[in-house]
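Notes follow the structure.
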Amino acid sequence: MYAVAEGAAIVAAGMTDKVTTVSRDYFIKLVDGNHQVISRGDILPVTTSHTFKTVVDGQRLVNFQFFSPDESNIYENIGEMWLGLEEKYPAGTEIQVYLELDEKNSDLAMTAHLKNDPSVKVSCTFSRGRSDEKIYQELEEAIARLNEQNLTSVGVEEALSLALPVVQLANQIIEPRTGEERKDLRDRAAKNLEKFQVSMSNERLEAESLIQECDQITELCGFLIPEPQQLRLQNHTNELQEAIDAIALLKFYVRLK
């Protein structure tokens, strides 16, 4: 009887599926702190959804950053993704985020879309250091530097118009079905990123600000400035603009080589 019972226990154990669970917590970074989206101990595979809201009127870039604390409670960057919006939406626009943690290789996949317009969406599986995330990181650093400056509304619009193509192309670099990189999209995204970095650099913005100030002085106070001085001022602004254009062209040429 003991042997029969032991054999039945062994057979039952073999018929029972092994349950695997999430080994750590997962968070998304928000303006007001980190929000937990997946909990340690959840049974794999995990599929969950959360709703978030934009924070400013006219927001056209939404950055999703995911972190996970290790055993020492130090947050590890899991990955990030950007949603680019072609139109301006009011603050409080809801964005639905779906997350899936795979059972086999623990890859974290994400899809985000406007709650009132599911056609405006972006999806990715975090690639852990591949070219799309490198582009995301460089763009984030460039935007962070830009946020330290007092851009005019025109400057903000120009920055957005340059950043959107970077985001839209980078989101398509990794082929979702095969996991392979699309070299053509990677190169186009890198080219647009460089255009953003050059156009929004501190040096260029300062130079363009000087040109604008000189043009305004000439226009508003030209009757007080002798004509030779006006001509000299115009020559200097033209030379500065030519220098700006030449530097941008040189950087583009060096990248292509």
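Identifiers for the structure tokens are assigned positionally: chains receive A, B, ... in sequence, residues are indexed from 1 per chain, and ligands are indexed from 1 in the order shown.
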
How close does each residue of region 21-105 of chain A get to region 139-160 of chain A, giving the shortest atom pair and distance in Å to one decimal for every residue with an atom at most 10 Å away, counting only C-alpha atoms, sorted by chain and residue number, as a tab-separated table?
residue	atom	partner	partner_atom	distance
A:Gln59	CA	A:Leu160	CA	9.4
A:Arg60	CA	A:Leu160	CA	7.3
A:Leu61	CA	A:Leu160	CA	7.7
A:Asn63	CA	A:Glu140	CA	8.7
A:Glu80	CA	A:Glu140	CA	10.0
A:Trp82	CA	A:Glu140	CA	9.8
A:Gly84	CA	A:Leu160	CA	9.3
A:Leu85	CA	A:Leu160	CA	9.7
A:Glu86	CA	A:Leu160	CA	9.7

inquiry  = Let's see if you can do this: from backbone DSSP, list all strand (DSSP E) residues in region 27-243 of chain A, as a PyMOL selection string.
reply    = chain A and resi 27-30+33-38+46-53+59-69+75-89+94-101+108-114+117-125

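For the atom pair formed by CA of Cys124 (chain A) and CA of Thr20 (chain A), the distance is 23.7 Å, given to one decimal.
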
Discussion item. For Glu206 (chain A), find every residue with an atom within 12 Å (counting only C-alpha atoms), except residues of its own chain fewer than 6 positions away, and show them as a PyMOL selection string.
Written reply: chain A and resi 149-151+199-200+212-213+240-241+244

For the selection just defined, write its residues with C-alpha atoms to a file, as a CSV table (one decimal), in the first residue's frame.
chain,number,residue,atom,x,y,z
A,149,GLN,CA,16.6,76.8,-21.5
A,150,ASN,CA,13.8,79.3,-21.9
A,151,LEU,CA,12.5,78.4,-25.3
A,199,SER,CA,19.4,72.4,-34.5
A,200,MET,CA,18.7,72.4,-30.8
A,212,GLN,CA,17.0,87.7,-34.2
A,213,GLU,CA,18.0,90.5,-31.8
A,240,LEU,CA,26.8,84.2,-38.5
A,241,GLN,CA,23.9,82.5,-40.3
A,244,ILE,CA,25.4,78.0,-38.6

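Among A:Ile135, A:Leu224, A:Leu169, A:Val198, the residue with the shortest atom-to-atom distance to Gly79 (chain A), counting only C-alpha atoms, is A:Ile135.
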
Item to complete: Would you list the contacts of region 39-49 of chain A as a PyMOL selection string, taking every protein, DNA or RNA residue within 10 Å and counting only C-alpha atoms, but skipping same-chain residues closer than 6 positions in sequence?
Response: chain A and resi 19-27+96-104+106+108-112

I need the residues in region 79-257 of chain A that are alpha helix (DSSP H) according to DSSP; give them as a PyMOL selection string. chain A and resi 131-147+153-170+183-199+202-221+227-256

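Here CA of Gln65 (chain A) is placed at a distance of 6.7 Å from CA of Met81 (chain A).
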
Extract, using only C-alpha atoms, all DNA, RNA and protein residues at most 12 Å from Ala170 (chain A), discarding same-chain residues fewer than 5 positions from it, and format them as a VMD selection string. chain A and resid 80 to 84 122 to 124 127 130 to 139 163 to 165 175 181 to 193

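The spacing separating CA of Leu162 (chain A) from CA of Thr125 (chain A) amounts to 24.6 Å.
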
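For the residues A:Ile173, A:Leu205, A:Val62, A:Ile74, ranking by smallest atom-to-atom distance to His113 (chain A) using only C-alpha atoms places A:Val62 first.
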